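So this block is target-v1.cif, mmCIF, C-alpha atoms:
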```cif
data_model
loop_
_atom_site.label_atom_id
_atom_site.label_comp_id
_atom_site.auth_asym_id
_atom_site.auth_seq_id
_atom_site.Cartn_x
_atom_site.Cartn_y
_atom_site.Cartn_z
CA MET A 1 113.52 51.50 30.38
CA ASN A 2 116.20 54.17 30.22
CA PRO A 3 118.55 53.65 33.24
CA ARG A 4 118.33 57.30 34.39
CA ILE A 5 114.53 57.18 34.28
CA GLU A 6 114.45 53.75 35.94
CA LYS A 7 116.59 55.05 38.80
CA LEU A 8 114.24 57.97 39.31
CA VAL A 9 111.12 55.78 39.19
CA LYS A 10 112.65 53.43 41.77
CA GLN A 11 113.38 56.30 44.11
CA PHE A 12 109.85 57.65 43.85
CA ALA A 13 108.40 54.16 44.32
CA LYS A 14 110.17 53.90 47.69
CA LEU A 15 108.24 56.91 49.04
CA PRO A 16 105.23 56.24 51.30
CA ARG A 17 101.86 55.87 49.50
CA VAL A 18 103.56 55.81 46.08
CA GLY A 19 103.54 52.51 44.17
CA THR A 20 105.55 51.64 41.07
CA ARG A 21 102.75 52.65 38.71
CA ALA A 22 102.22 56.02 40.40
CA ALA A 23 106.00 56.56 40.47
CA GLY A 24 106.08 56.02 36.71
CA ARG A 25 103.28 58.55 36.18
CA ILE A 26 105.04 61.08 38.41
CA VAL A 27 108.34 60.74 36.57
CA ILE A 28 106.66 61.03 33.17
CA ALA A 29 104.76 64.13 34.28
CA LEU A 30 107.95 65.71 35.61
CA LEU A 31 109.99 64.86 32.51
CA GLN A 32 107.33 66.20 30.18
CA ASP A 33 106.75 69.36 32.16
CA LYS A 34 108.11 72.39 30.38
CA THR A 35 107.97 74.81 33.31
CA GLY A 36 111.08 73.56 35.09
CA ARG A 37 109.19 71.75 37.86
CA MET A 38 111.82 69.02 37.93
CA ASP A 39 114.71 71.37 38.66
CA ALA A 40 112.55 73.25 41.16
CA LEU A 41 111.75 70.02 43.01
CA ALA A 42 115.42 68.98 43.00
CA ALA A 43 116.41 72.39 44.38
CA ALA A 44 113.71 72.33 47.09
CA LEU A 45 114.84 68.82 48.13
CA SER A 46 118.52 69.79 48.35
CA ASP A 47 117.62 72.95 50.21
CA ALA A 48 115.49 71.06 52.75
CA ALA A 49 118.08 68.30 53.17
CA ALA A 50 120.71 70.94 53.98
CA HIS A 51 118.65 73.18 56.25
CA ILE A 52 115.93 71.17 58.02
CA ALA A 53 116.49 69.31 61.30
CA PRO A 54 114.29 68.27 64.26
CA CYS A 55 113.78 70.86 67.00
CA PRO A 56 116.00 69.65 69.88
CA ILE A 57 113.17 70.31 72.34
CA CYS A 58 110.01 68.92 70.73
CA GLY A 59 111.08 67.14 67.55
CA VAL A 60 109.17 69.35 65.08
CA LEU A 61 111.20 69.61 61.86
CA THR A 62 112.50 73.14 61.51
CA ASP A 63 115.29 75.34 60.11
CA ARG A 64 118.63 74.20 61.47
CA GLU A 65 119.75 77.85 61.72
CA MET A 66 117.07 78.54 64.34
CA GLU A 67 117.86 77.12 67.75
CA THR A 68 114.34 75.74 68.14
CA CYS A 69 111.10 75.37 66.15
CA GLU A 70 108.39 77.98 65.56
CA TYR A 71 106.22 76.56 68.36
CA CYS A 72 108.96 76.39 71.00
CA ARG A 73 110.11 79.93 70.10
CA ASP A 74 106.60 81.34 70.48
CA ALA A 75 106.24 82.47 74.12
CA ALA A 76 102.46 82.77 73.65
CA ARG A 77 102.35 79.01 73.25
CA ALA A 78 103.78 78.40 76.74
CA ASN A 79 100.28 77.71 78.04
CA GLY A 80 101.20 74.90 80.42
CA GLN A 81 99.93 72.23 78.03
CA ILE A 82 101.89 69.84 75.81
CA VAL A 83 100.29 67.63 73.20
CA VAL A 84 102.14 64.34 72.70
CA VAL A 85 101.85 63.05 69.11
CA ARG A 86 103.36 60.29 67.04
CA ASP A 87 104.77 62.39 64.22
CA LEU A 88 104.88 65.75 62.49
CA SER A 89 101.81 65.15 60.34
CA ASP A 90 99.74 64.98 63.55
CA VAL A 91 101.06 68.43 64.47
CA TRP A 92 100.00 69.72 61.05
CA THR A 93 96.53 68.18 61.47
CA LEU A 94 96.07 69.84 64.87
CA GLU A 95 97.46 73.18 63.69
CA LYS A 96 95.15 73.18 60.68
CA SER A 97 92.15 72.53 62.90
CA GLY A 98 93.07 75.50 65.08
CA ILE A 99 91.77 73.76 68.22
CA PHE A 100 95.10 73.89 70.03
CA ARG A 101 97.67 76.68 70.14
CA GLY A 102 100.28 75.32 72.52
CA ARG A 103 103.39 73.22 72.25
CA TYR A 104 103.98 69.70 71.04
CA HIS A 105 106.14 66.71 71.81
CA ILE A 106 106.78 64.41 68.87
CA LEU A 107 107.65 60.84 69.84
CA GLY A 108 108.73 59.93 66.32
CA GLY A 109 106.79 56.67 66.35
CA GLN A 110 105.04 54.35 68.77
CA LEU A 111 106.03 51.25 70.71
CA SER A 112 105.47 48.22 68.53
CA GLY A 113 106.58 44.64 68.90
CA VAL A 114 105.80 43.97 65.24
CA ALA A 115 107.86 46.91 63.94
CA GLY A 116 110.47 46.36 66.66
CA THR A 117 110.16 49.91 68.01
CA THR A 118 111.49 50.20 71.58
CA PRO A 119 111.48 53.18 73.99
CA ASP A 120 115.06 53.95 72.92
CA ASP A 121 113.82 54.67 69.38
CA LEU A 122 111.39 57.29 70.63
CA ASN A 123 111.79 60.87 71.88
CA ILE A 124 110.61 60.14 75.43
CA ALA A 125 113.61 60.48 77.76
CA SER A 126 113.74 64.29 77.53
CA LEU A 127 110.05 64.73 78.39
CA PRO A 128 110.19 64.73 82.25
CA GLU A 129 112.92 67.37 82.32
CA ARG A 130 111.04 69.42 79.72
CA ILE A 131 107.84 69.32 81.80
CA GLY A 132 109.72 70.77 84.76
CA ARG A 133 111.55 73.42 82.76
CA GLU A 134 108.49 74.65 80.87
CA ASN A 135 106.23 74.41 83.91
CA VAL A 136 103.80 72.10 82.09
CA ARG A 137 100.61 71.29 84.00
CA GLU A 138 98.83 69.05 81.46
CA VAL A 139 100.14 66.42 79.07
CA ILE A 140 97.52 65.71 76.39
CA PHE A 141 97.97 62.44 74.51
CA ALA A 142 96.86 62.60 70.87
CA LEU A 143 98.30 59.23 69.85
CA PRO A 144 96.54 56.77 67.52
CA ASN A 145 93.56 55.10 69.19
CA THR A 146 95.13 51.65 68.77
CA VAL A 147 96.78 49.04 70.98
CA GLU A 148 100.21 50.44 70.05
CA GLY A 149 99.11 54.02 70.69
CA LYS A 150 97.68 53.17 74.10
CA THR A 151 100.72 51.07 75.04
CA THR A 152 102.97 53.99 74.13
CA GLN A 153 100.78 56.36 76.12
CA HIS A 154 100.98 54.19 79.25
CA TYR A 155 104.73 53.90 78.88
CA VAL A 156 105.17 57.69 78.55
CA MET A 157 102.96 58.20 81.63
CA SER A 158 105.14 55.79 83.62
CA VAL A 159 108.29 57.64 82.56
CA VAL A 160 106.89 61.06 83.50
CA GLY A 161 105.52 59.65 86.75
CA THR A 162 103.17 61.24 89.23
CA ASP A 163 105.78 63.20 91.19
CA ALA A 164 105.75 65.98 88.56
CA GLY A 165 102.19 66.84 89.61
CA VAL A 166 101.16 66.96 85.98
CA THR A 167 97.67 66.04 84.73
CA PHE A 168 97.45 63.45 81.93
CA SER A 169 94.61 63.47 79.44
CA GLU A 170 93.77 61.76 76.19
CA LEU A 171 91.46 62.57 73.26
CA ALA A 172 87.89 61.30 73.71
CA SER A 173 86.88 58.09 71.95
CA GLY A 174 83.50 57.83 70.28
CA VAL A 175 81.31 58.22 67.25
CA PRO A 176 82.89 60.59 64.72
CA LEU A 177 80.89 63.63 63.68
CA GLY A 178 78.52 62.61 60.89
CA GLY A 179 79.26 58.97 61.73
CA ASP A 180 76.54 56.46 60.98
CA LEU A 181 76.20 53.62 63.54
CA ASP A 182 75.83 51.17 60.65
CA TYR A 183 79.43 51.76 59.66
CA LEU A 184 81.00 51.85 63.12
CA ASP A 185 83.24 49.02 64.29
CA ASP A 186 82.29 47.28 67.56
CA GLY A 187 85.33 48.69 69.37
CA THR A 188 84.38 52.30 68.72
CA LEU A 189 80.74 51.55 69.50
CA SER A 190 81.72 49.99 72.81
CA LEU A 191 83.91 52.98 73.73
CA ALA A 192 81.16 55.42 72.75
CA PHE A 193 78.58 53.47 74.79
CA GLY A 194 80.82 53.24 77.85
CA GLY A 195 81.60 56.95 77.64
CA ARG A 196 77.99 58.06 77.10
CA LYS A 197 77.03 61.46 78.49
CA THR A 198 73.93 62.15 80.58
CA LEU A 199 71.81 64.86 78.98
CA MET B 1 104.38 74.99 58.88
CA ASN B 2 108.04 75.76 58.22
CA PRO B 3 108.26 77.66 54.88
CA ARG B 4 110.94 75.35 53.42
CA ILE B 5 108.88 72.27 54.30
CA GLU B 6 105.68 73.90 53.04
CA LYS B 7 107.32 74.66 49.71
CA LEU B 8 108.41 71.04 49.37
CA VAL B 9 104.98 69.67 50.33
CA LYS B 10 103.32 71.95 47.77
CA GLN B 11 105.64 70.73 45.03
CA PHE B 12 104.96 67.09 45.85
CA ALA B 13 101.22 67.75 46.05
CA LYS B 14 101.27 69.00 42.45
CA LEU B 15 102.48 65.61 41.19
CA PRO B 16 99.92 63.24 39.65
CA ARG B 17 98.21 60.83 42.10
CA VAL B 18 99.71 62.64 45.11
CA GLY B 19 97.34 64.63 47.33
CA THR B 20 98.27 67.12 50.03
CA ARG B 21 98.10 64.49 52.78
CA ALA B 22 100.30 62.02 50.89
CA ALA B 23 102.70 64.85 50.01
CA GLY B 24 103.03 65.63 53.73
CA ARG B 25 103.76 61.97 54.54
CA ILE B 26 106.34 61.81 51.74
CA VAL B 27 108.15 64.94 52.92
CA ILE B 28 108.18 63.76 56.55
CA ALA B 29 109.55 60.36 55.50
CA LEU B 30 112.26 62.00 53.41
CA LEU B 31 113.22 64.50 56.12
CA GLN B 32 113.40 61.80 58.77
CA ASP B 33 115.34 59.38 56.61
CA LYS B 34 118.91 59.04 57.76
CA THR B 35 120.28 57.27 54.68
CA GLY B 36 120.53 60.35 52.47
CA ARG B 37 117.49 59.46 50.32
CA MET B 38 116.59 63.13 50.04
CA ASP B 39 119.90 64.17 48.50
CA ALA B 40 119.85 61.07 46.28
CA LEU B 41 116.39 61.98 44.98
CA ALA B 42 117.44 65.59 44.38
CA ALA B 43 120.51 64.40 42.47
CA ALA B 44 118.52 61.92 40.36
CA LEU B 45 116.01 64.66 39.51
CA SER B 46 118.69 67.16 38.47
CA ASP B 47 120.46 64.49 36.48
CA ALA B 48 117.29 63.49 34.64
CA ALA B 49 116.27 67.12 34.03
CA ALA B 50 119.66 67.77 32.45
CA HIS B 51 119.98 64.61 30.37
CA ILE B 52 116.55 63.28 29.41
CA ALA B 53 114.65 64.42 26.32
CA PRO B 54 112.05 62.88 23.97
CA CYS B 55 113.35 60.77 21.09
CA PRO B 56 112.92 62.99 17.99
CA ILE B 57 111.48 60.05 16.06
CA CYS B 58 109.02 58.33 18.40
CA GLY B 59 108.75 60.53 21.50
CA VAL B 60 110.09 57.96 24.01
CA LEU B 61 112.02 59.80 26.74
CA THR B 62 115.69 59.00 26.43
CA ASP B 63 119.24 60.25 27.00
CA ARG B 64 119.77 63.52 25.17
CA GLU B 65 123.33 62.43 24.26
CA MET B 66 121.95 59.59 22.16
CA GLU B 67 120.50 60.68 18.84
CA THR B 68 117.45 58.45 19.29
CA CYS B 69 115.86 56.16 21.89
CA GLU B 70 116.75 52.55 22.68
CA TYR B 71 113.86 51.24 20.54
CA CYS B 72 114.59 53.35 17.45
CA ARG B 73 118.32 52.47 17.69
CA ASP B 74 117.58 48.75 17.83
CA ALA B 75 117.59 47.46 14.23
CA ALA B 76 115.97 44.19 15.38
CA ARG B 77 112.86 46.21 16.21
CA ALA B 78 112.38 47.38 12.64
CA ASN B 79 109.72 44.72 12.12
CA GLY B 80 107.40 46.79 9.96
CA GLN B 81 105.00 47.44 12.86
CA ILE B 82 104.51 50.59 14.92
CA VAL B 83 102.37 50.71 18.04
CA VAL B 84 100.71 54.10 18.57
CA VAL B 85 100.23 54.92 22.26
CA ARG B 86 99.15 57.90 24.32
CA ASP B 87 102.20 58.19 26.54
CA LEU B 88 105.40 56.61 27.80
CA SER B 89 103.74 54.61 30.56
CA ASP B 90 101.87 52.66 27.86
CA VAL B 91 105.23 51.78 26.29
CA TRP B 92 106.43 50.54 29.68
CA THR B 93 103.27 48.45 30.12
CA LEU B 94 103.70 46.81 26.70
CA GLU B 95 107.44 46.26 27.20
CA LYS B 96 106.85 44.65 30.58
CA SER B 97 104.29 42.28 29.07
CA GLY B 98 106.79 41.21 26.43
CA ILE B 99 104.04 40.77 23.81
CA PHE B 100 105.52 43.30 21.38
CA ARG B 101 109.14 43.90 20.45
CA GLY B 102 108.90 46.57 17.78
CA ARG B 103 108.82 50.34 17.70
CA TYR B 104 106.46 52.88 19.18
CA HIS B 105 104.95 56.22 18.36
CA ILE B 106 103.98 58.30 21.38
CA LEU B 107 101.29 60.89 20.69
CA GLY B 108 101.81 62.62 24.02
CA GLY B 109 98.09 62.78 24.75
CA GLN B 110 94.76 62.37 23.00
CA LEU B 111 92.31 64.71 21.30
CA SER B 112 89.97 66.12 23.90
CA GLY B 113 87.50 68.95 23.75
CA VAL B 114 87.29 69.04 27.54
CA ALA B 115 91.07 69.26 28.06
CA GLY B 116 91.40 71.46 24.96
CA THR B 117 93.92 69.14 23.29
CA THR B 118 94.12 69.73 19.52
CA PRO B 119 96.09 67.84 16.83
CA ASP B 120 98.83 70.51 17.08
CA ASP B 121 99.49 69.43 20.67
CA LEU B 122 100.14 65.85 19.63
CA ASN B 123 103.06 64.11 17.91
CA ILE B 124 101.10 63.17 14.77
CA ALA B 125 102.47 65.27 11.87
CA SER B 126 105.73 63.30 11.60
CA LEU B 127 104.01 59.92 11.43
CA PRO B 128 103.28 59.64 7.65
CA GLU B 129 106.89 60.47 6.73
CA ARG B 130 108.12 58.04 9.38
CA ILE B 131 105.95 55.24 8.00
CA GLY B 132 107.52 55.72 4.56
CA ARG B 133 111.09 55.99 5.85
CA GLU B 134 110.89 52.94 8.13
CA ASN B 135 108.88 50.91 5.64
CA VAL B 136 106.08 50.32 8.14
CA ARG B 137 103.35 47.94 7.01
CA GLU B 138 101.10 47.91 10.09
CA VAL B 139 100.10 50.69 12.49
CA ILE B 140 98.68 49.15 15.69
CA PHE B 141 96.59 51.50 17.83
CA ALA B 142 96.89 50.86 21.57
CA LEU B 143 95.07 53.99 22.68
CA PRO B 144 92.59 54.11 25.60
CA ASN B 145 89.31 52.39 24.75
CA THR B 146 87.37 55.61 25.27
CA VAL B 147 85.61 58.19 23.10
CA GLU B 148 88.74 60.38 23.17
CA GLY B 149 91.01 57.43 22.35
CA LYS B 150 88.84 56.37 19.40
CA THR B 151 88.50 59.96 18.14
CA THR B 152 92.28 60.33 18.23
CA GLN B 153 92.69 57.01 16.43
CA HIS B 154 90.36 58.07 13.61
CA TYR B 155 92.16 61.37 13.27
CA VAL B 156 95.59 59.69 13.06
CA MET B 157 94.22 57.28 10.43
CA SER B 158 92.95 60.20 8.36
CA VAL B 159 96.35 61.92 8.56
CA VAL B 160 98.25 58.80 7.50
CA GLY B 161 95.68 58.10 4.78
CA THR B 162 95.26 55.04 2.63
CA ASP B 163 97.85 55.95 -0.01
CA ALA B 164 100.67 54.66 2.21
CA GLY B 165 99.30 51.13 1.77
CA VAL B 166 99.63 50.56 5.51
CA THR B 167 97.31 48.29 7.50
CA PHE B 168 95.65 49.79 10.59
CA SER B 169 94.67 47.66 13.56
CA GLU B 170 93.49 48.21 17.10
CA LEU B 171 93.55 46.15 20.29
CA ALA B 172 90.55 43.83 20.71
CA SER B 173 87.74 44.91 23.03
CA GLY B 174 86.13 42.41 25.34
CA VAL B 175 85.94 40.68 28.68
CA PRO B 176 89.26 40.98 30.54
CA LEU B 177 90.96 37.74 31.57
CA GLY B 178 89.47 36.62 34.89
CA GLY B 179 86.67 39.15 34.37
CA ASP B 180 83.32 38.34 35.94
CA LEU B 181 80.28 39.35 33.87
CA ASP B 182 78.67 40.67 37.05
CA TYR B 183 81.22 43.43 37.24
CA LEU B 184 81.37 44.35 33.55
CA ASP B 185 79.94 47.61 32.31
CA ASP B 186 77.31 47.44 29.54
CA GLY B 187 79.67 49.02 27.00
CA THR B 188 82.31 46.31 27.39
CA LEU B 189 79.65 43.62 27.43
CA SER B 190 78.16 44.96 24.21
CA LEU B 191 81.59 45.06 22.51
CA ALA B 192 82.39 41.54 23.70
CA PHE B 193 79.02 40.26 22.48
CA GLY B 194 79.34 41.95 19.10
CA GLY B 195 82.85 40.60 18.67
CA ARG B 196 82.01 37.04 19.78
CA LYS B 197 84.05 34.26 18.18
CA THR B 198 82.57 31.12 16.69
CA LEU B 199 84.08 28.03 18.32
#
```
Re-express the file's structure as structure tokens.
Amino acid sequence: MNPRIEKLVKQFAKLPRVGTRAAGRIVIALLQDKTGRMDALAAALSDAAAHIAPCPICGVLTDREMETCEYCRDAARANGQIVVVRDLSDVWTLEKSGIFRGRYHILGGQLSGVAGTTPDDLNIASLPERIGRENVREVIFALPNTVEGKTTQHYVMSVVGTDAGVTFSELASGVPLGGDLDYLDDGTLSLAFGGRKTL
Amino acid sequence: MNPRIEKLVKQFAKLPRVGTRAAGRIVIALLQDKTGRMDALAAALSDAAAHIAPCPICGVLTDREMETCEYCRDAARANGQIVVVRDLSDVWTLEKSGIFRGRYHILGGQLSGVAGTTPDDLNIASLPERIGRENVREVIFALPNTVEGKTTQHYVMSVVGTDAGVTFSELASGVPLGGDLDYLDDGTLSLAFGGRKTL
């Protein structure tokens, strides 16, 4: 394989959810494209690398030129609630759904013995001060419904503490909409059963 | 979503085998990477866009500075055989397998009424002249084993014609190695049965 092409394929193959085969397909498509998509992608990458940085308050990736991100700048979003998420894609998911129009706090990961992620790796330390400054009354955890997610949640709760007078909440567990009981795992079924609602 | 990030996500989402969700994950991973992968990818893209072009003889993507590709330059590969493939990834697959060390002819697609691909869109016209010049004795078709692949193969054969005195061959159809009959489609089974070998 041509060394220039090989280098490009290797770089694409390192991206999440892209294997070597897909990387090859991507590079071929880009090289055969006659509309300048390759230069456009290179330019967009350089531009983002130069101008995008995490919001110093919440961690949402944003224009470096702005002091803070679009959510922290928006006074209408100071609704006394903060949603704690693992990463930016969770913010996008929530924003797309339109069910929440407040502010976020991105941890940038979750505590994990396997991955070796410790509290120092996460954006937790600034949270208590932020809660006071922004007069937050409810911290809503929207972390993965896994052992790591719950461990992280408990750790964040212990850091914030009860003195702040803030309410903690987490997303409900249960049967997903349209979910067939046949295909549910026992864990979800057990959570859904334990959390059953009287009608 | 930040406009710079949105632009980048949209460009990644246009790549083959990358959906919007995967594009988001890729962009987040790149933006959060602290080893300069983003700039490196941008540089590799610009570099390839500036320096890579199809080999004028066979269509393999190669350095523009070189007159021809690595396979056409290599005199040891002038073995009188040419493998006709749909695109560059097929060349990579064959090269990786090591079963063929000759030259290629990339059509750049296949005839398809659905996709609207006509003979003019494909790298076919130069093939007869090439066969004469390179003294090719066998044209091996390694096109997809589909209606479109076979249609394309027949068209290429008609263009080359029988006057050139060249032998045409195609890859064998049959049960893949390790293939379980339970999981074979009827078409493959029928081809394998029809092409059975006496032991």
Write down, as a PyMOL selection string, each residue of chain B that has any atom within 7 Å of an atom of chain A, counting all atoms listed in the file.
chain B and resi 2+4-5+8+11+15-17+22+24-26+31+38-39+41-46+48-49+62+89
Near stretch 73-78 of chain B, counting all atoms listed in the file, which residues have an atom at most 8 Å away, once you skip same-chain residues fewer than 3 positions from it, shown as a short mmCIF file (atom, residue, chain, number, x, y, z; two decimals) with C-alpha atoms, keeping the file's coordinate frame?
```
data_model
loop_
_atom_site.label_atom_id
_atom_site.label_comp_id
_atom_site.auth_asym_id
_atom_site.auth_seq_id
_atom_site.Cartn_x
_atom_site.Cartn_y
_atom_site.Cartn_z
CA THR B 68 117.45 58.45 19.29
CA CYS B 69 115.86 56.16 21.89
CA GLU B 70 116.75 52.55 22.68
CA GLN B 81 105.00 47.44 12.86
CA ARG B 101 109.14 43.90 20.45
CA GLY B 102 108.90 46.57 17.78
CA ARG B 103 108.82 50.34 17.70
CA GLU B 134 110.89 52.94 8.13
#
```
Convert the output of the PyMOL selection byres ((chain B and resi 153-163) around 9) on the shown file into explicit residues, formatted as an mmCIF file with C-alpha atoms, in the coordinates of the input.
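That gives us expr-v7.cif:
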```cif
data_model
loop_
_atom_site.group_PDB
_atom_site.id
_atom_site.type_symbol
_atom_site.label_atom_id
_atom_site.label_comp_id
_atom_site.auth_asym_id
_atom_site.auth_seq_id
_atom_site.Cartn_x
_atom_site.Cartn_y
_atom_site.Cartn_z
ATOM 1 C CA VAL B 84 100.710 54.100 18.570
ATOM 2 C CA GLN B 110 94.760 62.370 23.000
ATOM 3 C CA LEU B 111 92.310 64.710 21.300
ATOM 4 C CA PRO B 119 96.090 67.840 16.830
ATOM 5 C CA ILE B 124 101.100 63.170 14.770
ATOM 6 C CA ALA B 125 102.470 65.270 11.870
ATOM 7 C CA LEU B 127 104.010 59.920 11.430
ATOM 8 C CA PRO B 128 103.280 59.640 7.650
ATOM 9 C CA GLU B 129 106.890 60.470 6.730
ATOM 10 C CA ILE B 131 105.950 55.240 8.000
ATOM 11 C CA PHE B 141 96.590 51.500 17.830
ATOM 12 C CA LEU B 143 95.070 53.990 22.680
ATOM 13 C CA GLU B 148 88.740 60.380 23.170
ATOM 14 C CA GLY B 149 91.010 57.430 22.350
ATOM 15 C CA LYS B 150 88.840 56.370 19.400
ATOM 16 C CA THR B 151 88.500 59.960 18.140
ATOM 17 C CA THR B 152 92.280 60.330 18.230
ATOM 18 C CA ALA B 164 100.670 54.660 2.210
ATOM 19 C CA GLY B 165 99.300 51.130 1.770
ATOM 20 C CA VAL B 166 99.630 50.560 5.510
ATOM 21 C CA THR B 167 97.310 48.290 7.500
ATOM 22 C CA PHE B 168 95.650 49.790 10.590
ATOM 23 C CA GLU B 170 93.490 48.210 17.100
#
```
Picked residues, the PyMOL selection byres ((chain A and resi 192) around 12), as a PyMOL selection string
chain A and resi 172-176+179+181+184-191+193-197
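The gap separating atom CA of B:Leu177 from atom CA of B:Thr198 is 18.3 Å, in Å to one decimal.
Atom CA of B:Leu107 sits 4.6 Å away from atom CA of B:Asn123.
Distances to A:Gly80 were evaluated for A:Val136, A:Val147, A:Ala13, A:Ala142 using all atoms listed in the file, and the minimum falls at A:Val136.
Distances from A:Leu199, A:Met66, A:Val83, A:Cys55 to A:Phe100 were compared using all atoms listed in the file, and the smallest one belongs to A:Val83.
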Report the distance between atom CA of B:Thr35 and atom CA of A:Gly109 in Å, rounded to one decimal place.
17.8 Å
